[in-house]
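Below: one structure, written as structure tokens.
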Amino acid sequence: MPAASADRKPRNDLRDRLAAGLLRAAAAIALALPDPALHRLAALAGAGWYLVAPKRRARARANLRRVCASLVVSGRANPRVAAAARDPRALERLVRSAFQHGARYYLEVLLAPKFDGAYFAERLRIDDAPSVAGWLGSGGPMIVLGLHLGSLEMPAAYFTQVLHMTVTAPMETLANRRVQDFLVDARTSSGIRIVPIRGSRGELTRALRRSECVGLVSDRDVSGTGIPATLFGAPAQLPAGPSLLAVATGAPAFAAAARRTGWGRYAGRVIPIATPTEGTHRERTMAFLAAQADAFERLIADAPDQWWTVFFPVWPDLDEVRP
């Protein structure tokens, strides 16, 4: 038994090295090839993933059904979403598209070192650009809340490369340290300052005091310690950190996402989130969380099939659908 246990660590280390090595090789290849072709290949891989993942399909189908139905009720459904809310075949096309976009999400992790000012000038269009320039152009401390929609890597890189802001963002620690190092290298290549998510509250508060930007991805309650919220008309939980940080510091807050509009083309959208100044601490926290959820719904409404979180549990009453 001791010998078998002793063998386990070298084997795990070899597996970790192999995984990280494959990631770095894939990134080197991806960075050398034209983006449109890579996005088409990733979408093709996503279509294959859809075929071989029945449980994950069921999870995405249940989540997207709820999203589409809620968007119809709220009047935010575009024609594609409205069709998916009433026609199972249209819904299934949206589910298949979610897998294709999911594969493209992983591709964009590899492409993150490309995200510089020239790349954004060529490939990114900002919705309502004059308003966004007014909100963000004055600088100063701000909290930017991202979500797993479209290109997760792009909003923070835009803030560093185009707006020339210092961005501090927490990142969870992975079991594979070498893969962790790869992801940190990819994200810091565009100027983002990565800090460990555990105990990050102090680091983020200090960054805001230095009039810097804090970036938080906050559409999944991974820890299970989130705050109850209503998302697309049903009870859910969102991470507590962003609302607590916003209420404690009073820093201006925004929700931001970059959705895909073509093969390597994107549209960015920014939505201000009001931080309440009156009421008890709990009342202000809950009011901020409600405004955050509404902003996320508005962003997701543009492209529900690009919301990568549909592959995971979101609403407790849908937990019987397990990926």
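Please note that chains go A, B, ... in the order of the structure tokens, that every chain numbers its residues from 1, and that ligands are numbered from 1 in the order shown.
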
Close residues, Arg282 of chain A itself excluded, 12 Å, only C-alpha atoms, min 4 positions apart in chain, as a PyMOL selection string: chain A and resi 227+240+243-244+247-248+276-278+286-289

Got a sec: who's within 10 Å of Gly250 of chain A, counting only C-alpha atoms, leaving out chain neighbours fewer than 5 positions off, as an MDAnalysis selection string? chainID A and resid 141:143 208 244:245 274:277

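If only C-alpha atoms are the atoms counted, then among A:Gly48, A:Pro272, A:Pro130, A:Gly215 the closest residue to Ala156 of chain A is A:Gly215.
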
Give one line per residue of segment 86-138 of chain A that approaches segment 16-29 of chain A to at most 9 Å, naming the two atoms of the closest pair and their distance in Å to one decimal, counting only C-alpha atoms; sort by chain then ascending residue number and deliver it as JSON lines.
{"residue": "A:Leu107", "atom": "CA", "partner": "A:Ala27", "partner_atom": "CA", "distance": 8.5}
{"residue": "A:Val109", "atom": "CA", "partner": "A:Ala27", "partner_atom": "CA", "distance": 8.5}
{"residue": "A:Leu110", "atom": "CA", "partner": "A:Ala27", "partner_atom": "CA", "distance": 4.8}
{"residue": "A:Leu111", "atom": "CA", "partner": "A:Ala27", "partner_atom": "CA", "distance": 6.8}

Long-range neighbours of Thr230 of chain A as a list of chain:residue names, 12 Å cut-off, only C-alpha atoms, 6 positions minimum in chain: A:Ser70, A:Ala236, A:Gln237, A:Leu238, A:Met286, A:Ala287, A:Leu289, A:Ala290, A:Ala291, A:Gln292, A:Ala293, A:Asp294, A:Phe296, A:Glu297, A:Val314, A:Trp315, A:Pro316

Determine, for each residue of segment 149-189 of chain A having at least one atom at most 10 Å from an atom of segment 92-103 of chain A, the closest pair of atoms and their separation in Å to one decimal, counting only C-alpha atoms; order by chain and ascending number, as a tab-separated table.
residue	atom	partner	partner_atom	distance
A:Leu149	CA	A:His101	CA	9.4
A:Gly150	CA	A:His101	CA	7.5
A:Ser151	CA	A:His101	CA	9.4

Written selection (N, CA and C atoms) as a tab-separated table (two decimals), in the first residue's frame:
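Output file part_36.tsv is given in full below:
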chain	number	residue	atom	x	y	z
A	149	LEU	N	-20.09	35.14	-20.45
A	149	LEU	CA	-20.88	35.42	-21.64
A	149	LEU	C	-19.94	35.86	-22.76
A	150	GLY	N	-20.03	35.20	-23.91
A	150	GLY	CA	-19.13	35.55	-24.99
A	150	GLY	C	-17.69	35.30	-24.58
A	151	SER	N	-16.84	36.27	-24.86
A	151	SER	CA	-15.43	36.14	-24.50
A	151	SER	C	-15.21	36.63	-23.07

Which residues, written as a list in words, have at least one atom at most 8 Å from Asp219 of chain A, with only C-alpha atoms counted and residues fewer than 3 positions away on the same chain left out? Gly146, Leu147, His148, Leu238, Pro239, Phe296 and Thr309 of chain A

Nearest candidate to Ser200 of chain A (options A:Leu216, A:Val144, A:Leu163, A:Ile300; using only C-alpha atoms): A:Leu216

Please run DSSP on the backbone and report, as a ChimeraX atom specification, all residues within segment 111-248 of chain A that come out as strand (DSSP E). /A:124-126,142-146,167-171,193-196,213-217,227-231,234-238

Could those selected residues go to a file with N, CA and C atoms, as a tab-separated table (two decimals), in the first residue's frame?
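So result-v2.tsv came out as:
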chain	number	residue	atom	x	y	z
A	124	LEU	N	-13.48	44.77	-32.27
A	124	LEU	CA	-14.46	44.99	-31.22
A	124	LEU	C	-15.25	46.28	-31.48
A	125	ARG	N	-16.56	46.15	-31.49
A	125	ARG	CA	-17.45	47.31	-31.58
A	125	ARG	C	-18.12	47.49	-30.22
A	126	ILE	N	-18.18	48.74	-29.73
A	126	ILE	CA	-18.79	49.02	-28.44
A	126	ILE	C	-20.20	49.56	-28.65
A	142	MET	N	-13.29	51.86	-9.83
A	142	MET	CA	-14.54	51.29	-10.33
A	142	MET	C	-14.50	49.77	-10.21
A	143	ILE	N	-15.70	49.19	-10.10
A	143	ILE	CA	-15.86	47.74	-10.03
A	143	ILE	C	-16.54	47.31	-11.33
A	144	VAL	N	-15.91	46.39	-12.04
A	144	VAL	CA	-16.47	45.89	-13.30
A	144	VAL	C	-16.84	44.43	-13.08
A	145	LEU	N	-18.13	44.13	-13.22
A	145	LEU	CA	-18.63	42.77	-13.01
A	145	LEU	C	-18.80	42.10	-14.37
A	146	GLY	N	-18.06	41.02	-14.55
A	146	GLY	CA	-18.17	40.24	-15.77
A	146	GLY	C	-18.99	38.99	-15.52
A	167	VAL	N	-6.05	46.93	-13.70
A	167	VAL	CA	-7.16	46.05	-13.34
A	167	VAL	C	-6.63	44.94	-12.44
A	168	THR	N	-7.24	44.80	-11.27
A	168	THR	CA	-6.94	43.69	-10.36
A	168	THR	C	-8.11	42.74	-10.37
A	169	ALA	N	-7.84	41.45	-10.56
A	169	ALA	CA	-8.91	40.46	-10.64
A	169	ALA	C	-8.53	39.21	-9.85
A	170	PRO	N	-9.44	38.70	-9.02
A	170	PRO	CA	-9.15	37.46	-8.30
A	170	PRO	C	-9.37	36.24	-9.20
A	171	MET	N	-8.64	35.18	-8.91
A	171	MET	CA	-8.76	33.94	-9.68
A	171	MET	C	-8.69	32.77	-8.72
A	193	ARG	N	-3.75	42.30	-13.33
A	193	ARG	CA	-3.07	41.84	-12.11
A	193	ARG	C	-3.95	40.79	-11.44
A	194	ILE	N	-3.46	39.56	-11.38
A	194	ILE	CA	-4.21	38.44	-10.82
A	194	ILE	C	-3.83	38.24	-9.36
A	195	VAL	N	-4.84	38.08	-8.50
A	195	VAL	CA	-4.60	37.77	-7.09
A	195	VAL	C	-5.40	36.51	-6.73
A	196	PRO	N	-4.95	35.72	-5.76
A	196	PRO	CA	-5.72	34.54	-5.35
A	196	PRO	C	-7.09	34.95	-4.82
A	213	CYS	N	-9.10	49.81	-11.01
A	213	CYS	CA	-10.29	49.04	-11.41
A	213	CYS	C	-10.19	47.63	-10.84
A	214	VAL	N	-11.31	47.14	-10.37
A	214	VAL	CA	-11.40	45.76	-9.89
A	214	VAL	C	-12.34	45.00	-10.82
A	215	GLY	N	-11.90	43.85	-11.30
A	215	GLY	CA	-12.73	43.02	-12.18
A	215	GLY	C	-13.15	41.74	-11.48
A	216	LEU	N	-14.45	41.46	-11.49
A	216	LEU	CA	-14.98	40.28	-10.81
A	216	LEU	C	-15.93	39.54	-11.74
A	217	VAL	N	-15.74	38.25	-11.91
A	217	VAL	CA	-16.68	37.41	-12.65
A	217	VAL	C	-17.66	36.85	-11.63
A	227	ILE	N	-25.60	34.87	-2.15
A	227	ILE	CA	-26.76	35.55	-1.60
A	227	ILE	C	-27.96	35.25	-2.50
A	228	PRO	N	-29.14	34.96	-1.92
A	228	PRO	CA	-30.32	34.69	-2.74
A	228	PRO	C	-30.66	35.89	-3.62
A	229	ALA	N	-30.99	35.60	-4.87
A	229	ALA	CA	-31.38	36.63	-5.83
A	229	ALA	C	-32.43	36.03	-6.75
A	230	THR	N	-33.06	36.90	-7.53
A	230	THR	CA	-33.99	36.44	-8.55
A	230	THR	C	-33.32	36.65	-9.90
A	231	LEU	N	-33.18	35.56	-10.65
A	231	LEU	CA	-32.53	35.62	-11.96
A	231	LEU	C	-33.44	34.97	-12.98
A	234	ALA	N	-36.71	33.43	-11.37
A	234	ALA	CA	-36.69	32.30	-10.44
A	234	ALA	C	-35.58	32.49	-9.41
A	235	PRO	N	-35.74	31.90	-8.20
A	235	PRO	CA	-34.72	32.05	-7.16
A	235	PRO	C	-33.40	31.40	-7.56
A	236	ALA	N	-32.33	32.13	-7.34
A	236	ALA	CA	-30.98	31.64	-7.61
A	236	ALA	C	-30.05	32.24	-6.56
A	237	GLN	N	-28.78	31.92	-6.65
A	237	GLN	CA	-27.79	32.53	-5.76
A	237	GLN	C	-26.68	33.13	-6.60
A	238	LEU	N	-26.25	34.33	-6.22
A	238	LEU	CA	-25.12	34.97	-6.86
A	238	LEU	C	-24.02	35.19	-5.82

Residue neighbourhood Arg59 of chain A, 9 Å, only C-alpha atoms, exclusion window fewer than 2 positions, as JSON, numbers by chain: {"A": [54, 55, 56, 57, 61, 62, 63, 64, 310, 311, 312, 313, 318, 319, 321, 322, 323]}
